[in-house]
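Okay, start_38.cif is below, mmCIF, C-alpha atoms:
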```
data_run
#
loop_
_atom_site.group_PDB
_atom_site.id
_atom_site.type_symbol
_atom_site.label_atom_id
_atom_site.label_comp_id
_atom_site.auth_asym_id
_atom_site.auth_seq_id
_atom_site.Cartn_x
_atom_site.Cartn_y
_atom_site.Cartn_z
ATOM 1 C CA MET A 87 -47.211 -38.566 -8.510
ATOM 2 C CA ASN A 88 -46.130 -36.121 -5.876
ATOM 3 C CA GLY A 89 -42.469 -35.234 -6.020
ATOM 4 C CA PRO A 90 -40.442 -34.598 -9.132
ATOM 5 C CA GLY A 91 -42.156 -34.743 -12.502
ATOM 6 C CA ILE A 92 -41.183 -36.965 -15.388
ATOM 7 C CA ALA A 93 -38.917 -34.300 -16.934
ATOM 8 C CA TRP A 94 -36.488 -34.665 -14.032
ATOM 9 C CA TYR A 95 -36.319 -38.414 -14.506
ATOM 10 C CA LEU A 96 -35.772 -37.977 -18.243
ATOM 11 C CA ALA A 97 -32.960 -35.487 -17.672
ATOM 12 C CA LEU A 98 -31.312 -37.913 -15.262
ATOM 13 C CA ALA A 99 -31.712 -40.734 -17.780
ATOM 14 C CA ALA A 100 -30.117 -38.600 -20.499
ATOM 15 C CA PHE A 101 -27.184 -37.788 -18.216
ATOM 16 C CA LEU A 102 -26.712 -41.461 -17.356
ATOM 17 C CA PHE A 103 -26.820 -42.425 -21.018
ATOM 18 C CA ALA A 104 -24.290 -39.741 -21.949
ATOM 19 C CA THR A 105 -22.001 -40.776 -19.081
ATOM 20 C CA GLY A 106 -22.116 -44.375 -20.255
ATOM 21 C CA MET A 107 -21.416 -43.320 -23.828
ATOM 22 C CA LEU A 108 -18.444 -41.291 -22.636
ATOM 23 C CA GLY A 109 -17.096 -44.396 -20.920
ATOM 24 C CA VAL A 110 -17.631 -46.589 -23.972
ATOM 25 C CA LEU A 111 -15.825 -44.111 -26.219
ATOM 26 C CA LEU A 112 -13.088 -43.075 -23.830
ATOM 27 C CA ARG A 113 -11.990 -46.156 -21.929
ATOM 28 C CA ARG A 114 -9.797 -48.832 -23.438
ATOM 29 C CA SER A 115 -10.210 -51.651 -20.937
ATOM 30 C CA PRO A 116 -12.956 -53.929 -22.323
ATOM 31 C CA LEU A 117 -14.179 -54.572 -18.767
ATOM 32 C CA ILE A 118 -14.893 -50.887 -18.200
ATOM 33 C CA VAL A 119 -16.430 -50.609 -21.656
ATOM 34 C CA LEU A 120 -18.876 -53.364 -20.624
ATOM 35 C CA LEU A 121 -19.595 -51.597 -17.321
ATOM 36 C CA SER A 122 -20.269 -48.352 -19.196
ATOM 37 C CA LEU A 123 -22.605 -50.225 -21.542
ATOM 38 C CA GLU A 124 -24.569 -51.295 -18.470
ATOM 39 C CA LEU A 125 -24.767 -47.614 -17.541
ATOM 40 C CA MET A 126 -26.255 -46.783 -20.953
ATOM 41 C CA LEU A 127 -28.791 -49.615 -20.683
ATOM 42 C CA ASN A 128 -29.812 -48.384 -17.249
ATOM 43 C CA GLY A 129 -30.301 -44.857 -18.540
ATOM 44 C CA ALA A 130 -32.675 -46.241 -21.157
ATOM 45 C CA ASN A 131 -34.417 -48.344 -18.503
ATOM 46 C CA LEU A 132 -34.978 -45.309 -16.297
ATOM 47 C CA ALA A 133 -36.580 -43.436 -19.203
ATOM 48 C CA LEU A 134 -38.784 -46.438 -20.007
ATOM 49 C CA ILE A 135 -40.007 -46.750 -16.434
ATOM 50 C CA ALA A 136 -40.571 -42.995 -16.118
ATOM 51 C CA PHE A 137 -42.706 -43.039 -19.276
ATOM 52 C CA ALA A 138 -44.572 -46.112 -18.012
ATOM 53 C CA ARG A 139 -45.464 -44.214 -14.841
ATOM 54 C CA GLN A 140 -46.385 -41.120 -16.830
ATOM 55 C CA ALA A 141 -48.739 -43.044 -19.121
ATOM 56 C CA GLY A 142 -50.084 -45.296 -16.379
ATOM 57 C CA ASN A 143 -49.300 -48.279 -18.585
ATOM 58 C CA LEU A 144 -47.268 -51.333 -17.670
ATOM 59 C CA ASP A 145 -45.759 -51.887 -21.133
ATOM 60 C CA GLY A 146 -42.706 -49.751 -20.332
ATOM 61 C CA GLN A 147 -41.926 -51.792 -17.245
ATOM 62 C CA ILE A 148 -42.230 -55.007 -19.268
ATOM 63 C CA PHE A 149 -39.803 -53.538 -21.809
ATOM 64 C CA ALA A 150 -37.410 -52.588 -18.989
ATOM 65 C CA LEU A 151 -37.465 -56.156 -17.680
ATOM 66 C CA ALA A 152 -36.725 -57.459 -21.181
ATOM 67 C CA VAL A 153 -33.812 -54.996 -21.421
ATOM 68 C CA MET A 154 -32.515 -56.348 -18.101
ATOM 69 C CA ALA A 155 -32.599 -59.917 -19.424
ATOM 70 C CA VAL A 156 -30.830 -58.879 -22.625
ATOM 71 C CA ALA A 157 -28.217 -57.048 -20.543
ATOM 72 C CA ALA A 158 -27.586 -60.209 -18.529
ATOM 73 C CA ALA A 159 -27.144 -62.168 -21.766
ATOM 74 C CA GLU A 160 -24.812 -59.493 -23.127
ATOM 75 C CA VAL A 161 -22.698 -59.622 -19.975
ATOM 76 C CA VAL A 162 -22.388 -63.416 -20.220
ATOM 77 C CA VAL A 163 -21.164 -63.266 -23.811
ATOM 78 C CA GLY A 164 -18.974 -60.191 -23.253
ATOM 79 C CA LEU A 165 -17.269 -61.604 -20.191
ATOM 80 C CA GLY A 166 -16.824 -64.922 -21.986
ATOM 81 C CA LEU A 167 -15.061 -63.082 -24.802
ATOM 82 C CA ILE A 168 -12.873 -61.138 -22.365
ATOM 83 C CA VAL A 169 -11.859 -64.311 -20.516
ATOM 84 C CA ALA A 170 -11.116 -66.017 -23.839
ATOM 85 C CA MET A 171 -8.990 -63.026 -24.866
ATOM 86 C CA ALA A 172 -7.113 -63.068 -21.569
ATOM 87 C CA ARG A 173 -6.469 -66.807 -21.904
ATOM 88 C CA LYS A 174 -4.968 -66.267 -25.345
ATOM 89 C CA LYS A 175 -2.657 -63.670 -23.757
ATOM 90 C CA LEU A 176 -4.067 -60.863 -25.867
ATOM 91 C CA THR A 177 -3.725 -57.322 -24.560
ATOM 92 C CA LEU A 178 -6.962 -56.233 -22.934
ATOM 93 C CA ASP A 179 -7.125 -52.960 -24.838
ATOM 94 C CA VAL A 180 -9.939 -52.333 -27.286
ATOM 95 C CA ASP A 181 -7.755 -50.015 -29.360
ATOM 96 C CA LYS A 182 -5.140 -52.709 -29.897
ATOM 97 C CA LEU A 183 -7.650 -55.449 -30.729
ATOM 98 C CA SER A 184 -7.865 -54.464 -34.372
ATOM 99 C CA PHE A 185 -6.673 -57.579 -36.184
ATOM 100 C CA LEU A 186 -10.166 -58.239 -37.593
ATOM 101 C CA ARG A 187 -9.865 -55.036 -39.589
ATOM 102 C CA GLY A 188 -10.114 -55.753 -43.308
ATOM 103 C CA MET B 393 -44.948 -33.246 3.955
ATOM 104 C CA GLY B 394 -44.965 -36.472 1.984
ATOM 105 C CA ASN B 395 -44.133 -34.457 -1.105
ATOM 106 C CA PHE B 396 -41.052 -32.999 0.597
ATOM 107 C CA ILE B 397 -39.789 -36.436 1.643
ATOM 108 C CA VAL B 398 -40.217 -37.724 -1.903
ATOM 109 C CA TRP B 399 -38.155 -34.796 -3.197
ATOM 110 C CA VAL B 400 -35.414 -35.409 -0.622
ATOM 111 C CA VAL B 401 -35.247 -39.116 -1.516
ATOM 112 C CA TRP B 402 -35.221 -38.238 -5.213
ATOM 113 C CA VAL B 403 -32.395 -35.722 -4.875
ATOM 114 C CA VAL B 404 -30.261 -38.110 -2.818
ATOM 115 C CA ALA B 405 -30.875 -41.023 -5.197
ATOM 116 C CA ALA B 406 -30.329 -38.893 -8.295
ATOM 117 C CA PHE B 407 -27.069 -37.438 -7.079
ATOM 118 C CA SER B 408 -25.696 -40.794 -5.940
ATOM 119 C CA CYS B 409 -26.798 -42.190 -9.294
ATOM 120 C CA LEU B 410 -24.952 -39.467 -11.228
ATOM 121 C CA GLY B 411 -21.911 -39.550 -8.957
ATOM 122 C CA SER B 412 -21.518 -43.313 -9.100
ATOM 123 C CA GLY B 413 -22.074 -43.210 -12.861
ATOM 124 C CA ILE B 414 -19.214 -40.757 -13.252
ATOM 125 C CA ALA B 415 -17.152 -42.913 -10.878
ATOM 126 C CA VAL B 416 -17.737 -45.982 -13.073
ATOM 127 C CA VAL B 417 -16.296 -44.129 -16.048
ATOM 128 C CA SER B 418 -13.398 -42.458 -14.267
ATOM 129 C CA PHE B 419 -11.916 -45.102 -11.931
ATOM 130 C CA SER B 420 -8.793 -46.606 -13.443
ATOM 131 C CA ASN B 421 -9.206 -49.913 -11.603
ATOM 132 C CA PRO B 422 -12.075 -52.013 -13.068
ATOM 133 C CA PHE B 423 -12.777 -53.445 -9.607
ATOM 134 C CA TYR B 424 -13.668 -50.008 -8.220
ATOM 135 C CA SER B 425 -15.694 -49.291 -11.352
ATOM 136 C CA ALA B 426 -17.752 -52.430 -10.779
ATOM 137 C CA LEU B 427 -18.321 -51.494 -7.132
ATOM 138 C CA ALA B 428 -19.434 -48.011 -8.225
ATOM 139 C CA LEU B 429 -21.822 -49.603 -10.724
ATOM 140 C CA ILE B 430 -23.401 -51.598 -7.857
ATOM 141 C CA GLY B 431 -24.047 -48.284 -6.065
ATOM 142 C CA ASN B 432 -25.472 -46.883 -9.290
ATOM 143 C CA LEU B 433 -27.846 -49.836 -9.661
ATOM 144 C CA ALA B 434 -28.978 -49.531 -6.045
ATOM 145 C CA SER B 435 -29.780 -45.830 -6.376
ATOM 146 C CA LEU B 436 -31.606 -46.548 -9.624
ATOM 147 C CA ALA B 437 -33.690 -49.133 -7.740
ATOM 148 C CA VAL B 438 -34.702 -46.346 -5.322
ATOM 149 C CA LEU B 439 -35.781 -44.213 -8.291
ATOM 150 C CA TYR B 440 -37.775 -47.149 -9.685
ATOM 151 C CA LEU B 441 -39.558 -47.419 -6.346
ATOM 152 C CA LEU B 442 -40.452 -43.711 -6.551
ATOM 153 C CA LEU B 443 -41.902 -44.439 -10.002
ATOM 154 C CA SER B 444 -44.025 -47.231 -8.418
ATOM 155 C CA ALA B 445 -42.171 -49.985 -10.257
ATOM 156 C CA GLU B 446 -41.766 -52.279 -7.268
ATOM 157 C CA PHE B 447 -41.159 -55.462 -9.191
ATOM 158 C CA VAL B 448 -38.582 -53.884 -11.499
ATOM 159 C CA ALA B 449 -36.769 -52.437 -8.489
ATOM 160 C CA ALA B 450 -36.634 -55.860 -6.831
ATOM 161 C CA ALA B 451 -35.458 -57.485 -10.060
ATOM 162 C CA GLN B 452 -32.858 -54.740 -10.442
ATOM 163 C CA VAL B 453 -31.370 -55.473 -7.012
ATOM 164 C CA LEU B 454 -31.604 -59.259 -7.267
ATOM 165 C CA VAL B 455 -30.656 -59.866 -10.881
ATOM 166 C CA TYR B 456 -28.455 -56.886 -11.700
ATOM 167 C CA ALA B 457 -26.755 -55.837 -8.485
ATOM 168 C CA GLY B 458 -26.794 -59.439 -7.305
ATOM 169 C CA ALA B 459 -26.146 -61.964 -10.034
ATOM 170 C CA VAL B 460 -24.696 -59.925 -12.905
ATOM 171 C CA MET B 461 -22.357 -57.817 -10.801
ATOM 172 C CA VAL B 462 -21.107 -60.814 -8.826
ATOM 173 C CA MET B 463 -20.190 -62.417 -12.139
ATOM 174 C CA PHE B 464 -18.447 -59.203 -13.154
ATOM 175 C CA LEU B 465 -16.473 -59.089 -9.897
ATOM 176 C CA PHE B 466 -15.468 -62.741 -10.272
ATOM 177 C CA VAL B 467 -14.136 -62.137 -13.769
ATOM 178 C CA ILE B 468 -12.292 -58.984 -12.709
ATOM 179 C CA ALA B 469 -10.756 -60.842 -9.782
ATOM 180 C CA TYR B 470 -9.828 -63.701 -12.121
ATOM 181 C CA LEU B 471 -8.141 -61.327 -14.557
ATOM 182 C CA GLY B 472 -6.381 -59.557 -11.720
ATOM 183 C CA GLY B 473 -7.850 -56.069 -12.082
ATOM 184 C CA ARG B 474 -5.164 -54.576 -14.260
ATOM 185 C CA ALA B 475 -5.570 -50.828 -14.233
ATOM 186 C CA ASP B 476 -5.491 -48.723 -17.320
ATOM 187 C CA ALA B 477 -4.738 -45.070 -16.799
ATOM 188 C CA PRO B 478 -6.960 -43.142 -19.179
ATOM 189 C CA TRP B 479 -5.782 -39.698 -18.127
ATOM 190 C CA ALA B 480 -2.085 -40.566 -17.939
ATOM 191 C CA SER B 481 -0.835 -39.124 -21.213
ATOM 192 C CA GLY B 482 -2.935 -35.972 -21.260
ATOM 193 C CA PRO B 483 -5.962 -35.491 -23.480
ATOM 194 C CA SER B 484 -5.509 -37.242 -26.792
ATOM 195 C CA LEU B 485 -7.491 -36.377 -29.920
ATOM 196 C CA GLN B 486 -9.589 -39.478 -29.349
ATOM 197 C CA SER B 487 -10.555 -38.531 -25.805
ATOM 198 C CA VAL B 488 -11.426 -34.974 -26.795
ATOM 199 C CA ALA B 489 -13.613 -36.365 -29.583
ATOM 200 C CA ALA B 490 -15.226 -38.812 -27.138
ATOM 201 C CA VAL B 491 -16.107 -36.042 -24.678
ATOM 202 C CA GLY B 492 -17.447 -33.929 -27.541
ATOM 203 C CA ALA B 493 -19.582 -36.782 -28.883
ATOM 204 C CA ALA B 494 -21.018 -37.583 -25.457
ATOM 205 C CA ALA B 495 -21.815 -33.919 -24.785
ATOM 206 C CA ALA B 496 -23.399 -33.586 -28.237
ATOM 207 C CA LEU B 497 -25.548 -36.652 -27.582
ATOM 208 C CA LEU B 498 -26.668 -35.258 -24.215
ATOM 209 C CA VAL B 499 -27.658 -31.915 -25.726
ATOM 210 C CA GLU B 500 -29.371 -33.700 -28.601
ATOM 211 C CA VAL B 501 -31.437 -35.945 -26.324
ATOM 212 C CA ILE B 502 -32.481 -33.057 -24.094
ATOM 213 C CA VAL B 503 -33.397 -30.848 -27.062
ATOM 214 C CA VAL B 504 -35.366 -33.635 -28.747
ATOM 215 C CA ILE B 505 -37.248 -34.509 -25.573
ATOM 216 C CA GLY B 506 -37.901 -30.827 -24.949
ATOM 217 C CA LEU B 507 -39.205 -30.264 -28.474
ATOM 218 C CA ALA B 508 -41.250 -33.442 -28.671
ATOM 219 C CA ALA B 509 -42.714 -33.012 -25.227
ATOM 220 C CA SER B 510 -43.070 -29.202 -25.139
ATOM 221 C CA GLY B 511 -45.804 -28.982 -22.583
ATOM 222 C CA SER B 512 -47.313 -32.419 -23.088
ATOM 223 C CA LEU B 513 -45.333 -33.840 -20.148
ATOM 224 C CA GLY B 514 -47.963 -32.714 -17.692
ATOM 225 C CA ASP B 515 -49.100 -34.536 -14.618
ATOM 226 C CA ALA B 516 -48.640 -38.258 -14.445
ATOM 227 C CA ALA B 517 -51.590 -40.551 -14.849
ATOM 228 C CA GLN B 518 -53.470 -41.660 -11.771
ATOM 229 C CA VAL B 519 -52.568 -45.279 -11.115
ATOM 230 C CA PRO B 520 -53.890 -47.748 -8.560
ATOM 231 C CA ASP B 521 -51.674 -48.871 -5.692
ATOM 232 C CA SER B 522 -51.160 -52.236 -7.385
ATOM 233 C CA PHE B 523 -49.411 -50.574 -10.380
ATOM 234 C CA GLY B 524 -46.082 -52.331 -10.959
ATOM 235 C CA SER B 525 -46.737 -55.048 -8.386
ATOM 236 C CA PRO B 526 -45.520 -58.579 -9.152
ATOM 237 C CA ALA B 527 -49.107 -59.708 -9.746
ATOM 238 C CA GLU B 528 -49.738 -57.075 -12.422
ATOM 239 C CA ILE B 529 -46.353 -57.596 -14.072
ATOM 240 C CA GLY B 530 -46.902 -61.346 -14.138
ATOM 241 C CA GLU B 531 -50.349 -60.933 -15.634
ATOM 242 C CA ALA B 532 -49.024 -58.603 -18.349
ATOM 243 C CA PHE B 533 -46.170 -60.978 -19.111
ATOM 244 C CA LEU B 534 -48.424 -64.020 -19.448
ATOM 245 C CA THR B 535 -51.190 -62.338 -21.440
ATOM 246 C CA ASP B 536 -50.278 -59.331 -23.604
ATOM 247 C CA HIS B 537 -46.525 -59.882 -23.707
ATOM 248 C CA LEU B 538 -46.291 -63.666 -23.848
ATOM 249 C CA LEU B 539 -44.204 -63.578 -27.041
ATOM 250 C CA ALA B 540 -41.675 -61.172 -25.500
ATOM 251 C CA PHE B 541 -41.491 -63.417 -22.428
ATOM 252 C CA GLU B 542 -40.770 -66.535 -24.494
ATOM 253 C CA ILE B 543 -38.254 -64.742 -26.725
ATOM 254 C CA THR B 544 -36.466 -63.463 -23.626
ATOM 255 C CA SER B 545 -36.155 -67.018 -22.325
ATOM 256 C CA VAL B 546 -34.707 -68.138 -25.671
ATOM 257 C CA VAL B 547 -32.225 -65.232 -25.600
ATOM 258 C CA LEU B 548 -31.091 -66.258 -22.128
ATOM 259 C CA LEU B 549 -30.739 -69.894 -23.203
ATOM 260 C CA VAL B 550 -28.667 -68.912 -26.237
ATOM 261 C CA ALA B 551 -26.470 -66.681 -24.074
ATOM 262 C CA ALA B 552 -25.915 -69.479 -21.557
ATOM 263 C CA VAL B 553 -24.962 -71.937 -24.307
ATOM 264 C CA GLY B 554 -22.736 -69.307 -25.904
ATOM 265 C CA GLY B 555 -20.992 -68.615 -22.608
ATOM 266 C CA VAL B 556 -20.286 -72.306 -22.128
ATOM 267 C CA ILE B 557 -18.957 -72.647 -25.680
ATOM 268 C CA LEU B 558 -16.757 -69.557 -25.319
ATOM 269 C CA GLY B 559 -15.286 -70.859 -22.061
ATOM 270 C CA HIS B 560 -14.760 -74.312 -23.533
ATOM 271 C CA HIS B 561 -13.013 -72.968 -26.628
ATOM 272 C CA ALA B 562 -10.793 -70.781 -24.514
ATOM 273 C CA ARG B 563 -9.634 -73.849 -22.631
ATOM 274 C CA ALA B 564 -9.154 -75.963 -25.753
ATOM 275 C CA GLY B 565 -7.733 -72.977 -27.598
ATOM 276 C CA GLU B 566 -4.465 -72.894 -25.725
ATOM 277 C CA SER B 567 -3.036 -75.064 -28.509
ATOM 278 C CA TRP B 568 -4.468 -73.213 -31.504
ATOM 279 C CA GLY B 569 -4.420 -69.834 -29.827
ATOM 280 C CA SER B 570 -0.690 -69.571 -29.457
ATOM 281 C CA GLU B 571 0.104 -69.420 -33.151
ATOM 282 C CA SER B 572 -2.191 -66.527 -34.024
ATOM 283 C CA ARG B 573 -0.593 -64.007 -31.642
#
```

I need this file expressed as structure tokens, please.
Amino acid sequence: MNGPGIAWYLALAAFLFATGMLGVLLRRSPLIVLLSLELMLNGANLALIAFARQAGNLDGQIFALAVMAVAAAEVVVGLGLIVAMARKKLTLDVDKLSFLRG
Amino acid sequence: MGNFIVWVVWVVAAFSCLGSGIAVVSFSNPFYSALALIGNLASLAVLYLLLSAEFVAAAQVLVYAGAVMVMFLFVIAYLGGRADAPWASGPSLQSVAAVGAAAALLVEVIVVIGLAASGSLGDAAQVPDSFGSPAEIGEAFLTDHLLAFEITSVVLLVAAVGGVILGHHARAGESWGSESR
């Protein structure tokens, strides 16, 4: 592999993951929380694919594809929940959606 | 020469990846955030190509930047992209804690990778040109990882059914939804 070594990819993946986590913790719109979750999943995917290249083994890429499928499923359910919330005229604010608290 | 070009492509892709990632988190309008995430996914696909993961890069563009993000944009357009202003009222305790937690996680990940790797992250393995091609991925999926493949299809089926049920309940729920809030 000419070009940057795996450590650069891992650092980038860590930054992406931390950025996504910042969004999940900081933002209150559930849409942006979902988008930030995608960011975290993609950070993990980048690390998986970098390790797959490092080891010369396809298992990491298979895992990344599975993560992609799970992310698609998560988006379907999450967006379904958000649309259901909007239809019930609930505020789209994850801090205010606390009525399931015991 | 080829090495230099790879570095240039990597730097451009990495910086657009980081920049669009920060843009996703910081735009107040979800529509712009979703558009920034499309840019993020595209630059990640470039990085996947550099890591000789051709099939994953193609799937990333088609499935993620194509299908998933179009669904996102449709929902945001349907909800009418209401903006929330995260930085409006100055830094709250919660936002300071969020920044601290994210920074702590970043430092933690880098330290752990640095300690665990410490020198063992040498040169990458030599791989044939067909590494990561659709043929190899397909063979791995249908031989070694057949169970993961089937479970993934079940997960997608369950998600599709769940999405339909959620949408259906939301429509029927106008009658029973009004009394709870």

Exercise for the section: Tell me which residues the PyMOL selection byres ((chain B) within 7 of (chain A)) grabs here, as an NGL selection string. Expected result: :B and (395 or 398-399 or 410 or 413-414 or 417 or 422 or 426 or 443 or 448 or 460 or 476 or 478 or 487 or 490-491 or 494-495 or 497-498 or 501-502 or 516-519 or 524 or 544 or 548 or 551 or 554-555 or 558-559 or 562 or 566 or 569-570)

Practice task
Please indicate the distance in Å from atom CA of B:Ser435 to atom CA of B:Leu507, rounded to one decimal place.
Solution key: 28.6 Å

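Computed from the coordinates, the atom CA of B:Phe533 to atom CA of B:Leu433 distance equals 23.4 Å.
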
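With distances taken from (-23.3, -48.9, -10.3) and restricted to only C-alpha atoms, the residues inside 8 Å are Leu125 of chain A; Cys409, Ser412, Gly413, Val416, Ser425, Ala426, Leu427, Ala428, Leu429, Ile430, Gly431, Asn432, Leu433, Ala434 and Ala457 of chain B.
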
Write to file, as a PDB file, in the frame of the given file, the residues of the selection just made, with C-alpha atoms.
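This went into out06.pdb:
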```
ATOM      1  CA  LEU A 125     -24.767 -47.614 -17.541  1.00  0.00           C
TER       2      LEU A 125
ATOM      3  CA  CYS B 409     -26.798 -42.190  -9.294  1.00  0.00           C
ATOM      4  CA  SER B 412     -21.518 -43.313  -9.100  1.00  0.00           C
ATOM      5  CA  GLY B 413     -22.074 -43.210 -12.861  1.00  0.00           C
ATOM      6  CA  VAL B 416     -17.737 -45.982 -13.073  1.00  0.00           C
ATOM      7  CA  SER B 425     -15.694 -49.291 -11.352  1.00  0.00           C
ATOM      8  CA  ALA B 426     -17.752 -52.430 -10.779  1.00  0.00           C
ATOM      9  CA  LEU B 427     -18.321 -51.494  -7.132  1.00  0.00           C
ATOM     10  CA  ALA B 428     -19.434 -48.011  -8.225  1.00  0.00           C
ATOM     11  CA  LEU B 429     -21.822 -49.603 -10.724  1.00  0.00           C
ATOM     12  CA  ILE B 430     -23.401 -51.598  -7.857  1.00  0.00           C
ATOM     13  CA  GLY B 431     -24.047 -48.284  -6.065  1.00  0.00           C
ATOM     14  CA  ASN B 432     -25.472 -46.883  -9.290  1.00  0.00           C
ATOM     15  CA  LEU B 433     -27.846 -49.836  -9.661  1.00  0.00           C
ATOM     16  CA  ALA B 434     -28.978 -49.531  -6.045  1.00  0.00           C
ATOM     17  CA  ALA B 457     -26.755 -55.837  -8.485  1.00  0.00           C
TER      18      ALA B 457
END
```

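Using all atoms listed in the file, the smallest distance between any of B:Val504, B:Val499, B:Ala489, B:Phe523 and B:Leu441 comes from B:Phe523.
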
Practice task
On this file, the PyMOL selection byres ((chain B and resi 472) around 12) gives some set of residues; write that set as number ranges by chain.
Solution key: A: 117, 169, 172, 178; B: 421-423, 465-471, 473-475

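From atom CA of B:Leu549 back to atom CA of B:Ile529, the distance works out to 21.9 Å.
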
Using only the atoms of stretch 161-168 of chain A listed in the file, plus 5 Å on each side, state the axis-aligned box centre and edge lengths in Å rounded to one decimal, as lines of an AutoDock Vina configuration file.
```
center_x = -17.8
center_y = -62.3
center_z = -22.4
size_x = 19.8
size_y = 15.3
size_z = 14.8
```
